[in-house]
Structure formats: structure tokens, C-alpha cells
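J.: The following file, query.pdb, comprises PDB, C-alpha atoms and all ligand atoms:
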```
ATOM      1  CA  MET A   1       0.000   0.000   0.000
ATOM      2  CA  HIS A   2       1.526   3.277  -1.139
ATOM      3  CA  LYS A   3      -0.390   5.948   0.635
ATOM      4  CA  ALA A   4      -0.565   9.729   0.684
ATOM      5  CA  LEU A   5      -2.287  12.215   2.974
ATOM      6  CA  LEU A   6      -4.448  14.680   1.030
ATOM      7  CA  ILE A   7      -5.523  17.795   2.944
ATOM      8  CA  ILE A   8      -8.273  19.859   1.353
ATOM      9  CA  ASP A   9      -8.537  23.661   1.753
ATOM     10  CA  VAL A  10      -7.597  24.195   5.424
ATOM     11  CA  GLN A  11      -7.542  27.943   4.837
ATOM     12  CA  GLN A  12      -8.373  30.944   6.970
ATOM     13  CA  ASP A  13     -11.538  31.858   5.040
ATOM     14  CA  PHE A  14     -13.052  28.427   5.795
ATOM     15  CA  CYS A  15     -12.248  28.641   9.515
ATOM     16  CA  PRO A  16     -13.995  30.661  12.266
ATOM     17  CA  GLY A  17     -13.588  34.378  11.496
ATOM     18  CA  GLY A  18     -13.195  33.763   7.756
ATOM     19  CA  SER A  19     -15.518  34.971   4.993
ATOM     20  CA  LEU A  20     -16.939  31.483   4.285
ATOM     21  CA  ALA A  21     -16.427  30.041   7.745
ATOM     22  CA  VAL A  22     -17.336  26.408   8.245
ATOM     23  CA  ASN A  23     -18.639  25.606  11.733
ATOM     24  CA  GLU A  24     -15.652  24.241  13.755
ATOM     25  CA  GLY A  25     -13.505  24.345  10.601
ATOM     26  CA  ASP A  26     -10.354  24.752  12.704
ATOM     27  CA  LYS A  27     -11.131  21.522  14.601
ATOM     28  CA  VAL A  28      -9.794  19.468  11.667
ATOM     29  CA  ILE A  29      -6.249  20.725  12.182
ATOM     30  CA  SER A  30      -4.872  18.936  15.255
ATOM     31  CA  GLY A  31      -5.653  15.462  13.894
ATOM     32  CA  LEU A  32      -4.113  16.259  10.517
ATOM     33  CA  ASN A  33      -0.942  17.659  12.120
ATOM     34  CA  ARG A  34      -0.639  14.617  14.367
ATOM     35  CA  ILE A  35      -0.728  12.050  11.552
ATOM     36  CA  MET A  36       1.329  13.898   8.935
ATOM     37  CA  THR A  37       4.573  12.092   9.627
ATOM     38  CA  ALA A  38       2.845   8.710   9.247
ATOM     39  CA  PHE A  39       2.705   9.431   5.496
ATOM     40  CA  PRO A  40       5.637   9.512   3.084
ATOM     41  CA  VAL A  41       3.726  11.900   0.803
ATOM     42  CA  ARG A  42       1.627  14.850   2.052
ATOM     43  CA  VAL A  43      -0.290  17.129  -0.252
ATOM     44  CA  ALA A  44      -2.495  20.109   0.553
ATOM     45  CA  THR A  45      -4.822  21.994  -1.757
ATOM     46  CA  ARG A  46      -5.768  25.641  -1.577
ATOM     47  CA  ASP A  47      -8.874  27.236  -3.026
ATOM     48  CA  TRP A  48      -7.207  30.088  -4.942
ATOM     49  CA  HIS A  49      -9.555  32.353  -6.855
ATOM     50  CA  PRO A  50      -8.951  35.439  -9.017
ATOM     51  CA  ALA A  51     -10.916  38.569  -7.936
ATOM     52  CA  ASN A  52     -13.262  38.208 -10.941
ATOM     53  CA  HIS A  53     -14.136  34.582 -10.089
ATOM     54  CA  VAL A  54     -17.431  33.135 -11.292
ATOM     55  CA  SER A  55     -18.297  31.743  -7.820
ATOM     56  CA  PHE A  56     -18.396  35.163  -6.111
ATOM     57  CA  ALA A  57     -21.979  36.453  -5.732
ATOM     58  CA  GLU A  58     -20.736  40.046  -5.961
ATOM     59  CA  ASN A  59     -19.592  39.382  -9.552
ATOM     60  CA  HIS A  60     -23.218  38.690 -10.617
ATOM     61  CA  SER A  61     -25.484  41.738 -10.511
ATOM     62  CA  GLY A  62     -28.837  41.099  -8.843
ATOM     63  CA  LYS A  63     -27.729  37.789  -7.331
ATOM     64  CA  ALA A  64     -27.235  36.864  -3.684
ATOM     65  CA  VAL A  65     -24.996  34.466  -1.785
ATOM     66  CA  TYR A  66     -26.182  30.820  -2.161
ATOM     67  CA  ASP A  67     -28.167  31.617  -5.356
ATOM     68  CA  MET A  68     -27.582  29.226  -8.265
ATOM     69  CA  VAL A  69     -26.561  30.376 -11.728
ATOM     70  CA  GLU A  70     -25.757  28.450 -14.881
ATOM     71  CA  ILE A  71     -22.444  29.294 -16.548
ATOM     72  CA  ASP A  72     -21.425  27.464 -19.750
ATOM     73  CA  THR A  73     -24.031  24.738 -18.910
ATOM     74  CA  ILE A  74     -22.520  24.185 -15.430
ATOM     75  CA  GLN A  75     -24.586  24.831 -12.284
ATOM     76  CA  GLN A  76     -22.693  27.211 -10.005
ATOM     77  CA  VAL A  77     -23.489  28.061  -6.373
ATOM     78  CA  LEU A  78     -22.691  31.676  -5.543
ATOM     79  CA  TRP A  79     -20.516  32.233  -2.490
ATOM     80  CA  PRO A  80     -19.227  35.231  -0.576
ATOM     81  CA  VAL A  81     -15.811  36.406  -1.765
ATOM     82  CA  HIS A  82     -13.393  33.814  -0.336
ATOM     83  CA  CYS A  83      -9.848  32.572  -0.849
ATOM     84  CA  ALA A  84      -8.922  35.377  -3.207
ATOM     85  CA  ALA A  85      -5.416  34.529  -4.416
ATOM     86  CA  GLY A  86      -2.712  36.138  -2.310
ATOM     87  CA  THR A  87      -4.995  37.383   0.466
ATOM     88  CA  THR A  88      -4.760  36.429   4.143
ATOM     89  CA  GLY A  89      -8.056  34.563   3.830
ATOM     90  CA  ALA A  90      -6.467  32.280   1.245
ATOM     91  CA  ASP A  91      -3.526  31.412   3.521
ATOM     92  CA  PHE A  92      -3.448  28.062   5.260
ATOM     93  CA  HIS A  93      -4.753  28.303   8.807
ATOM     94  CA  PRO A  94      -1.674  29.292  10.852
ATOM     95  CA  ASP A  95      -1.983  26.177  13.037
ATOM     96  CA  LEU A  96      -1.680  23.783  10.082
ATOM     97  CA  ASP A  97       1.866  22.441   9.929
ATOM     98  CA  ASN A  98       2.522  23.387   6.321
ATOM     99  CA  THR A  99       6.282  22.859   6.727
ATOM    100  CA  ARG A 100       5.805  19.140   6.124
ATOM    101  CA  LEU A 101       3.933  19.368   2.812
ATOM    102  CA  ASN A 102       5.484  17.830  -0.315
ATOM    103  CA  LEU A 103       3.105  19.614  -2.656
ATOM    104  CA  VAL A 104       0.701  22.548  -2.443
ATOM    105  CA  LEU A 105      -1.869  22.588  -5.231
ATOM    106  CA  ASN A 106      -3.827  25.769  -6.004
ATOM    107  CA  LYS A 107      -7.220  25.166  -7.596
ATOM    108  CA  GLY A 108     -10.158  27.257  -8.760
ATOM    109  CA  THR A 109      -7.798  29.617 -10.570
ATOM    110  CA  SER A 110      -9.835  29.923 -13.803
ATOM    111  CA  PRO A 111     -12.129  32.986 -13.754
ATOM    112  CA  ARG A 112     -15.103  31.222 -15.416
ATOM    113  CA  LEU A 113     -14.772  27.685 -14.076
ATOM    114  CA  ASP A 114     -14.803  26.651 -10.408
ATOM    115  CA  SER A 115     -12.918  23.629  -9.052
ATOM    116  CA  TYR A 116     -14.229  21.876  -5.954
ATOM    117  CA  SER A 117     -12.336  18.649  -6.604
ATOM    118  CA  ALA A 118      -8.564  18.447  -6.260
ATOM    119  CA  PHE A 119      -8.468  16.316  -9.434
ATOM    120  CA  PHE A 120     -10.816  17.935 -11.961
ATOM    121  CA  GLU A 121     -12.359  21.360 -12.377
ATOM    122  CA  ASN A 122     -16.158  21.568 -12.249
ATOM    123  CA  ASP A 123     -16.555  20.629 -15.939
ATOM    124  CA  HIS A 124     -15.335  17.198 -14.661
ATOM    125  CA  LYS A 125     -12.865  17.190 -17.587
ATOM    126  CA  THR A 126     -10.138  19.758 -17.014
ATOM    127  CA  SER A 127      -7.398  18.049 -15.000
ATOM    128  CA  THR A 128      -5.472  19.749 -12.203
ATOM    129  CA  GLY A 129      -2.535  17.369 -12.777
ATOM    130  CA  LEU A 130      -2.814  15.842  -9.306
ATOM    131  CA  ASP A 131      -3.670  12.337 -10.564
ATOM    132  CA  GLY A 132      -0.461  12.351 -12.625
ATOM    133  CA  TYR A 133       1.537  13.421  -9.560
ATOM    134  CA  PHE A 134       0.205  10.570  -7.412
ATOM    135  CA  LYS A 135       0.416   7.972 -10.164
ATOM    136  CA  GLY A 136       3.987   9.107 -10.875
ATOM    137  CA  LEU A 137       4.862   8.324  -7.262
ATOM    138  CA  GLY A 138       3.088   4.942  -7.285
ATOM    139  CA  ILE A 139       0.445   6.113  -4.803
ATOM    140  CA  ASN A 140      -2.708   3.961  -4.836
ATOM    141  CA  THR A 141      -4.241   4.869  -1.462
ATOM    142  CA  LEU A 142      -5.394   8.299  -0.318
ATOM    143  CA  VAL A 143      -6.279   9.372   3.199
ATOM    144  CA  ILE A 144      -8.367  12.537   2.944
ATOM    145  CA  GLY A 145      -9.393  15.283   5.374
ATOM    146  CA  GLY A 146     -10.086  19.005   5.382
ATOM    147  CA  LEU A 147     -12.822  21.435   4.336
ATOM    148  CA  ALA A 148     -15.582  21.423   3.394
ATOM    149  CA  THR A 149     -17.127  17.947   3.759
ATOM    150  CA  ASP A 150     -20.031  18.604   1.373
ATOM    151  CA  TYR A 151     -18.132  20.547  -1.307
ATOM    152  CA  CYS A 152     -14.403  20.240  -1.928
ATOM    153  CA  VAL A 153     -13.892  17.111   0.193
ATOM    154  CA  PHE A 154     -16.937  15.429  -1.376
ATOM    155  CA  TYR A 155     -15.949  16.093  -5.009
ATOM    156  CA  THR A 156     -12.341  15.133  -4.311
ATOM    157  CA  VAL A 157     -13.372  11.815  -2.730
ATOM    158  CA  MET A 158     -15.767  10.973  -5.581
ATOM    159  CA  ASP A 159     -13.128  11.738  -8.234
ATOM    160  CA  ALA A 160     -10.465   9.779  -6.315
ATOM    161  CA  LEU A 161     -12.754   6.735  -6.277
ATOM    162  CA  LYS A 162     -13.452   7.101 -10.021
ATOM    163  CA  LEU A 163      -9.691   7.279 -10.565
ATOM    164  CA  ARG A 164      -9.381   3.919  -8.754
ATOM    165  CA  TYR A 165      -7.672   5.047  -5.548
ATOM    166  CA  GLN A 166      -8.487   3.312  -2.298
ATOM    167  CA  VAL A 167      -9.988   6.179  -0.279
ATOM    168  CA  TYR A 168     -10.020   6.603   3.496
ATOM    169  CA  LEU A 169     -11.999   9.577   4.801
ATOM    170  CA  LEU A 170     -10.942  10.968   8.185
ATOM    171  CA  GLU A 171     -14.251  11.501   9.965
ATOM    172  CA  ASP A 172     -12.744  13.575  12.789
ATOM    173  CA  CYS A 173     -10.768  15.778  10.361
ATOM    174  CA  ILE A 174     -13.624  17.059   8.176
ATOM    175  CA  ARG A 175     -16.324  19.699   8.703
ATOM    176  CA  GLY A 176     -19.063  20.859   6.334
ATOM    177  CA  VAL A 177     -20.890  23.967   5.132
ATOM    178  CA  ASP A 178     -24.247  22.120   5.258
ATOM    179  CA  VAL A 179     -25.889  24.246   2.549
ATOM    180  CA  PRO A 180     -28.555  23.284   1.593
ATOM    181  CA  LYS A 181     -29.680  21.868   4.936
ATOM    182  CA  ASN A 182     -28.634  18.234   5.588
ATOM    183  CA  ASN A 183     -26.169  18.364   2.694
ATOM    184  CA  VAL A 184     -23.407  16.955   4.896
ATOM    185  CA  GLN A 185     -25.416  13.845   5.742
ATOM    186  CA  THR A 186     -26.491  13.335   2.111
ATOM    187  CA  ARG A 187     -22.939  13.700   0.823
ATOM    188  CA  MET A 188     -21.496  11.424   3.539
ATOM    189  CA  GLU A 189     -23.920   8.695   2.471
ATOM    190  CA  GLU A 190     -23.023   9.173  -1.195
ATOM    191  CA  MET A 191     -19.302   8.892  -0.436
ATOM    192  CA  LYS A 192     -19.831   5.695   1.577
ATOM    193  CA  ARG A 193     -22.026   4.176  -1.129
ATOM    194  CA  ALA A 194     -19.340   4.961  -3.723
ATOM    195  CA  GLY A 195     -16.742   3.059  -1.672
ATOM    196  CA  ALA A 196     -15.046   5.551   0.647
ATOM    197  CA  ILE A 197     -13.884   3.932   3.886
ATOM    198  CA  ILE A 198     -14.751   6.012   6.933
ATOM    199  CA  THR A 199     -11.913   6.130   9.442
ATOM    200  CA  THR A 200     -10.375   8.509  12.008
ATOM    201  CA  SER A 201      -6.967  10.045  12.608
ATOM    202  CA  ARG A 202      -6.499   7.671  15.543
ATOM    203  CA  ASP A 203      -6.129   4.812  13.047
ATOM    204  CA  PHE A 204      -2.948   6.429  11.700
ATOM    205  CA  THR A 205      -1.062   7.197  14.908
TER     206      THR A 205
HETATM  207  C1  LIG A 301     -15.294  25.280  -1.000
HETATM  208  C2  LIG A 301     -17.220  26.485  -1.378
HETATM  209  C3  LIG A 301     -16.558  27.287  -2.273
HETATM  210  C4  LIG A 301     -14.631  24.169  -0.266
HETATM  211  C5  LIG A 301     -14.626  26.070  -1.896
HETATM  212  O1  LIG A 301     -13.394  24.225  -0.056
HETATM  213  O2  LIG A 301     -15.332  23.204   0.123
HETATM  214  N1  LIG A 301     -16.599  25.485  -0.753
HETATM  215  N2  LIG A 301     -15.258  27.067  -2.533
HETATM  216 ZN    ZN A 302     -14.114  28.438  -3.704
END
```
Render the structure in this file as C-alpha cells.
Ligand code: VGL
Ligand code: ZN

T.:
Amino acid sequence: MHKALLIIDVQQDFCPGGSLAVNEGDKVISGLNRIMTAFPVRVATRDWHPANHVSFAENHSGKAVYDMVEIDTIQQVLWPVHCAAGTTGADFHPDLDNTRLNLVLNKGTSPRLDSYSAFFENDHKTSTGLDGYFKGLGINTLVIGGLATDYCVFYTVMDALKLRYQVYLLEDCIRGVDVPKNNVQTRMEEMKRAGAIITTSRDFT
């Protein structure tokens, strides 16, 4: 088993005090820090949007946060401005031990196309290159945690399963937006049904 730890979007804007704060978002950090050295390969993604990004409600006149729009046939949820490239909100949470990361992958960098998954942008076709990185290192097993359970973690897990990785989801190291209501529960069930193995950070220490 050649395994890697994949940490999704543990950034200031998704933690308490941030512009798209996930409830208890910072609670994912201690478990992730604790298990990092149990993995030979550690990768973290960052949501990293240009100021004119399609997912920002303020870039659509007459629209509000959480409204849906259709852009180039893709359904897009509108969010508050978050993780604007180079801003403090886009930084990793200061408690995350980013000194041990082998690779930091920025995603969501195209103005007109969002990217929830670490593997493919939201057209489900445009690759981020991450699959090639893992395959190049002979990685076949991914242990995944981070933010947010029902968006970037969910799409990353589903793509990882489609790409034939064995996927372990760290239940104590994920937190969700839960929009719409009960989305976290729905998405957790979908991930399990698709083959994700639910585990906790204690299994890796
Ligand atoms: C995310 C909403 C918008 C996430 C990113 O990291 O889950 N959610 N952009
Ligand atoms: Zn985003």
C-alpha cells in the first residue's frame, strides 16, 4: 500500500472568522498535524480564486450568496468572496503544519470555471494534474481530510474513487458547510455508497 495524505482547503476563510467560515472548521487541524509524519507523501490543496471569479456572488449583478446560476451549462453556487489569491483569507490556517507538505496545489484559478475537486475542475474534464503526480509516485491509497465535507472534500473523494484510488476519509478531520440543509449527511452517504472507507486520525497514529 503506497499511501498519501491529502488535505483539502484548510484555509483561513473556511475557519472561524473567515468569509466562508465552516462551523468548527479549525477543529480538523490537530488530527491532521498529528498524523502527517505517518505518510511519506503529504499534499495540501488551496482554493485560490482570481478577484473576478465566477463563484463570487458580488460578480453577478442582482444575485445573492447561495443563489444558483448556470455558466457554460454548469450549475454554479454563488458564495461570498473567499480565498482570493494572495490574500490572508487564502492562507493556510496558521496552526496547520505546512512545513511538512510535499506539494501545495492551487485550484479554482480559472475565472469562469470553479474547481471543488482536487483532481478535476467543475466541468469534470479539465485536469489539475494531481492524478499524474500521485500515479507518478506509485500512490494507490489516499487518506483525505479538510474542508468542506459537502463541497471540496466530497468532489475530491468521488473523483479519487473514479480514478481507482483506495480512499479513506478521516471523519474527525472534516467539517461541512451544510448548505442546503442536511447536505453533509447526504454527501457522507453518497461517499460511503461509492466506496469511501470512513476512518479517524487515531487509526494512523
Ligand atoms: C469550498 C465552497 C466554495 C470548499 C470552496 O473548499 O469546500 N466550498 N469554494
Ligand atoms: Zn471556492

J.: Could the residues that lie within 7 Å of ligand ZN 302 (chain A), counting only C-alpha atoms and all ligand atoms, be listed as a ChimeraX atom specification?

T.: /A:47,49,55,82-83,108,114,116

J.: Considering only C-alpha atoms, state which residue in the set A:Thr200, A:Asn33, A:Thr126, A:Gln185 is at the smallest distance from Asn98 (chain A).

T.: A:Asn33

J.: Pick out the residues no farther than 6 Å from ligand LIG 301 (chain A), counting only C-alpha atoms and all ligand atoms, and list them as a PDB file with C-alpha atoms, in the coordinates of the input.

T.:
```pdb
ATOM      1  CA  ASP A   9      -8.537  23.661   1.753  1.00  0.00           C
ATOM      2  CA  ASP A  47      -8.874  27.236  -3.026  1.00  0.00           C
ATOM      3  CA  TYR A 116     -14.229  21.876  -5.954  1.00  0.00           C
ATOM      4  CA  LEU A 147     -12.822  21.435   4.336  1.00  0.00           C
ATOM      5  CA  ALA A 148     -15.582  21.423   3.394  1.00  0.00           C
ATOM      6  CA  TYR A 151     -18.132  20.547  -1.307  1.00  0.00           C
ATOM      7  CA  CYS A 152     -14.403  20.240  -1.928  1.00  0.00           C
TER       8      CYS A 152
END
```

J.: Using all atoms listed in the file, find the one residue out of A:Leu169, A:Met68, A:Leu20, A:Val41 that sits nearest to Ala84 (chain A).

T.: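 For Ala84 (chain A), the nearest of the candidates is A:Leu20.
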
J.: What's around Asp159 (chain A) at 10 Å? Count only C-alpha atoms, leave out sequence neighbours fewer than 5 positions away in its own chain, and write the answer as a list of chain:residue names.

T.: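 Neighbouring residues, sequence-local ones excluded: A:Ser117, A:Ala118, A:Phe119, A:Phe120, A:His124, A:Asp131, A:Phe154, A:Arg164, A:Tyr165.
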
J.: Set the distance at 7 Å and use all atoms listed in the file: which residues neighbour Asn106 (chain A) once local chain neighbours fewer than 3 positions away are removed? I'd like the list as a count of residues only.

T.: 4

J.: One number please: CA of Tyr168 (chain A) to CA of Thr37 (chain A), in Å, one decimal.

T.: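 Pair CA of Tyr168 (chain A) / CA of Thr37 (chain A) returns 16.8 Å.
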
J.: Report as a list in words the residues that result from applying the PyMOL selection byres (((chain A and resi 1-6) around 6) and not hetatm) to the structure here.

T.: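 Against this file, the PyMOL selection byres (((chain A and resi 1-6) around 6) and not hetatm) returns the residues Ile7, Phe39, Val41, Arg42, Val43, Ala44, Ile139, Asn140, Thr141, Leu142, Val143 and Ile144 of chain A.
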
J.: Rank A:Ile35, A:Lys162, A:Asp67, A:Gly132 by their smallest atom-to-atom distance to Arg100 (chain A), using all atoms listed in the file, and report the top residue only.

T.: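 Closest residue, counting all atoms listed in the file: A:Ile35.
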
J.: Pull the closest atom pair for each residue of region 76-175 of chain A that gets at most 8 Å from region 24-31 of chain A, along with the distance in Å to one decimal, counting all atoms listed in the file, ordering rows by chain and then ascending residue number, as a tab-separated table.

T.:
```
residue	atom	partner	partner_atom	distance
A:His93	CA	A:Asp26	CA	7.7
A:Asp95	CA	A:Ile29	CA	7.0
A:Leu96	CA	A:Ile29	CA	5.9
A:Gly145	CA	A:Val28	CA	7.6
A:Gly146	CA	A:Val28	CA	6.3
A:Leu147	CA	A:Gly25	CA	6.9
A:Asp172	CA	A:Val28	CA	6.7
A:Cys173	CA	A:Val28	CA	4.0
A:Ile174	CA	A:Val28	CA	5.7
A:Arg175	CA	A:Gly25	CA	5.8
```

J.: How many Å lie between CA of Asp178 (chain A) and CA of Ile8 (chain A), rounded to one decimal?

T.: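 Answer for the CA of Asp178 (chain A) to CA of Ile8 (chain A) separation: 16.6 Å.
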
J.: Return the single residue from A:Thr199, A:Thr205, A:Gln76, A:Thr109 that is closest to Met36 (chain A), with distances computed using all atoms listed in the file.

T.: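 Looking at the shortest contact to Met36 (chain A), the residue is A:Thr205.
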
J.: Using only C-alpha atoms, which residue out of A:Thr88, A:Ser19, A:Thr156, A:Gln166 lies closest to Arg187 (chain A)?

T.: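 Among the listed residues, the smallest separation from Arg187 (chain A) belongs to A:Thr156.
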
J.: Kindly indicate which residue among A:Leu78, A:Leu105, A:Val179, A:Ala160 lies nearest to Thr128 (chain A), using only C-alpha atoms for the distances.

T.: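 Comparing A:Leu78, A:Leu105, A:Val179, A:Ala160 against Thr128 (chain A), the winner is A:Leu105.
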
J.: All heavy atoms are needed for region 60-71 of chain A; please write them out as a PDB file, in the frame of the given file.

T.:
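Writing done, so here's result-v1.pdb:
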```pdb
ATOM      1  N   HIS A  60     -21.991  38.917  -9.847  1.00  0.00           N
ATOM      2  CA  HIS A  60     -23.218  38.690 -10.617  1.00  0.00           C
ATOM      3  C   HIS A  60     -24.257  39.703 -10.154  1.00  0.00           C
ATOM      4  O   HIS A  60     -24.767  39.578  -9.031  1.00  0.00           O
ATOM      5  CB  HIS A  60     -23.758  37.273 -10.376  1.00  0.00           C
ATOM      6  CG  HIS A  60     -22.786  36.197 -10.745  1.00  0.00           C
ATOM      7  ND1 HIS A  60     -22.851  35.525 -11.937  1.00  0.00           N
ATOM      8  CD2 HIS A  60     -21.714  35.698 -10.082  1.00  0.00           C
ATOM      9  CE1 HIS A  60     -21.852  34.638 -11.990  1.00  0.00           C
ATOM     10  NE2 HIS A  60     -21.157  34.724 -10.882  1.00  0.00           N
ATOM     11  N   SER A  61     -24.582  40.693 -10.990  1.00  0.00           N
ATOM     12  CA  SER A  61     -25.484  41.738 -10.511  1.00  0.00           C
ATOM     13  C   SER A  61     -26.883  41.149 -10.291  1.00  0.00           C
ATOM     14  O   SER A  61     -27.352  40.309 -11.053  1.00  0.00           O
ATOM     15  CB  SER A  61     -25.516  42.918 -11.481  1.00  0.00           C
ATOM     16  OG  SER A  61     -26.035  42.506 -12.710  1.00  0.00           O
ATOM     17  N   GLY A  62     -27.487  41.558  -9.181  1.00  0.00           N
ATOM     18  CA  GLY A  62     -28.837  41.099  -8.843  1.00  0.00           C
ATOM     19  C   GLY A  62     -28.884  39.730  -8.193  1.00  0.00           C
ATOM     20  O   GLY A  62     -29.964  39.223  -7.912  1.00  0.00           O
ATOM     21  N   LYS A  63     -27.737  39.120  -7.945  1.00  0.00           N
ATOM     22  CA  LYS A  63     -27.729  37.789  -7.331  1.00  0.00           C
ATOM     23  C   LYS A  63     -27.220  37.867  -5.894  1.00  0.00           C
ATOM     24  O   LYS A  63     -26.478  38.789  -5.528  1.00  0.00           O
ATOM     25  CB  LYS A  63     -26.821  36.835  -8.118  1.00  0.00           C
ATOM     26  CG  LYS A  63     -27.281  36.592  -9.541  1.00  0.00           C
ATOM     27  CD  LYS A  63     -28.523  35.710  -9.562  1.00  0.00           C
ATOM     28  CE  LYS A  63     -29.029  35.524 -10.986  1.00  0.00           C
ATOM     29  NZ  LYS A  63     -30.314  34.834 -11.018  1.00  0.00           N
ATOM     30  N   ALA A  64     -27.629  36.886  -5.090  1.00  0.00           N
ATOM     31  CA  ALA A  64     -27.235  36.864  -3.684  1.00  0.00           C
ATOM     32  C   ALA A  64     -26.427  35.595  -3.393  1.00  0.00           C
ATOM     33  O   ALA A  64     -26.453  34.630  -4.168  1.00  0.00           O
ATOM     34  CB  ALA A  64     -28.481  36.886  -2.802  1.00  0.00           C
ATOM     35  N   VAL A  65     -25.738  35.622  -2.261  1.00  0.00           N
ATOM     36  CA  VAL A  65     -24.996  34.466  -1.785  1.00  0.00           C
ATOM     37  C   VAL A  65     -25.937  33.256  -1.679  1.00  0.00           C
ATOM     38  O   VAL A  65     -27.079  33.413  -1.231  1.00  0.00           O
ATOM     39  CB  VAL A  65     -24.347  34.801  -0.422  1.00  0.00           C
ATOM     40  CG1 VAL A  65     -23.836  33.558   0.283  1.00  0.00           C
ATOM     41  CG2 VAL A  65     -23.215  35.802  -0.627  1.00  0.00           C
ATOM     42  N   TYR A  66     -25.477  32.123  -2.122  1.00  0.00           N
ATOM     43  CA  TYR A  66     -26.182  30.820  -2.161  1.00  0.00           C
ATOM     44  C   TYR A  66     -27.172  30.688  -3.323  1.00  0.00           C
ATOM     45  O   TYR A  66     -27.754  29.617  -3.498  1.00  0.00           O
ATOM     46  CB  TYR A  66     -26.899  30.466  -0.840  1.00  0.00           C
ATOM     47  CG  TYR A  66     -25.995  30.429   0.360  1.00  0.00           C
ATOM     48  CD1 TYR A  66     -26.400  30.941   1.586  1.00  0.00           C
ATOM     49  CD2 TYR A  66     -24.702  29.875   0.275  1.00  0.00           C
ATOM     50  CE1 TYR A  66     -25.568  30.917   2.702  1.00  0.00           C
ATOM     51  CE2 TYR A  66     -23.862  29.858   1.381  1.00  0.00           C
ATOM     52  CZ  TYR A  66     -24.294  30.383   2.580  1.00  0.00           C
ATOM     53  OH  TYR A  66     -23.476  30.353   3.679  1.00  0.00           O
ATOM     54  N   ASP A  67     -27.378  31.780  -4.124  1.00  0.00           N
ATOM     55  CA  ASP A  67     -28.167  31.617  -5.356  1.00  0.00           C
ATOM     56  C   ASP A  67     -27.411  30.670  -6.291  1.00  0.00           C
ATOM     57  O   ASP A  67     -26.207  30.498  -6.165  1.00  0.00           O
ATOM     58  CB  ASP A  67     -28.338  32.970  -6.086  1.00  0.00           C
ATOM     59  CG  ASP A  67     -29.423  33.848  -5.453  1.00  0.00           C
ATOM     60  OD1 ASP A  67     -30.089  33.378  -4.516  1.00  0.00           O
ATOM     61  OD2 ASP A  67     -29.575  35.006  -5.903  1.00  0.00           O
ATOM     62  N   MET A  68     -28.173  30.087  -7.232  1.00  0.00           N
ATOM     63  CA  MET A  68     -27.582  29.226  -8.265  1.00  0.00           C
ATOM     64  C   MET A  68     -27.609  29.958  -9.588  1.00  0.00           C
ATOM     65  O   MET A  68     -28.620  30.591  -9.909  1.00  0.00           O
ATOM     66  CB  MET A  68     -28.432  27.962  -8.420  1.00  0.00           C
ATOM     67  CG  MET A  68     -28.193  26.913  -7.407  1.00  0.00           C
ATOM     68  SD  MET A  68     -26.644  26.120  -7.695  1.00  0.00           S
ATOM     69  CE  MET A  68     -27.255  24.512  -8.036  1.00  0.00           C
ATOM     70  N   VAL A  69     -26.552  29.858 -10.357  1.00  0.00           N
ATOM     71  CA  VAL A  69     -26.561  30.376 -11.728  1.00  0.00           C
ATOM     72  C   VAL A  69     -26.026  29.278 -12.646  1.00  0.00           C
ATOM     73  O   VAL A  69     -25.392  28.325 -12.173  1.00  0.00           O
ATOM     74  CB  VAL A  69     -25.691  31.658 -11.884  1.00  0.00           C
ATOM     75  CG1 VAL A  69     -26.304  32.828 -11.127  1.00  0.00           C
ATOM     76  CG2 VAL A  69     -24.250  31.409 -11.435  1.00  0.00           C
ATOM     77  N   GLU A  70     -26.311  29.407 -13.929  1.00  0.00           N
ATOM     78  CA  GLU A  70     -25.757  28.450 -14.881  1.00  0.00           C
ATOM     79  C   GLU A  70     -24.754  29.171 -15.768  1.00  0.00           C
ATOM     80  O   GLU A  70     -25.076  30.169 -16.400  1.00  0.00           O
ATOM     81  CB  GLU A  70     -26.878  27.830 -15.731  1.00  0.00           C
ATOM     82  CG  GLU A  70     -26.380  26.617 -16.510  1.00  0.00           C
ATOM     83  CD  GLU A  70     -27.480  25.964 -17.343  1.00  0.00           C
ATOM     84  OE1 GLU A  70     -28.440  25.442 -16.726  1.00  0.00           O
ATOM     85  OE2 GLU A  70     -27.373  25.981 -18.575  1.00  0.00           O
ATOM     86  N   ILE A  71     -23.523  28.679 -15.768  1.00  0.00           N
ATOM     87  CA  ILE A  71     -22.444  29.294 -16.548  1.00  0.00           C
ATOM     88  C   ILE A  71     -21.868  28.223 -17.474  1.00  0.00           C
ATOM     89  O   ILE A  71     -21.357  27.196 -16.993  1.00  0.00           O
ATOM     90  CB  ILE A  71     -21.301  29.808 -15.626  1.00  0.00           C
ATOM     91  CG1 ILE A  71     -21.832  30.731 -14.516  1.00  0.00           C
ATOM     92  CG2 ILE A  71     -20.203  30.491 -16.442  1.00  0.00           C
ATOM     93  CD1 ILE A  71     -22.305  32.082 -14.948  1.00  0.00           C
TER      94      ILE A  71
END
```
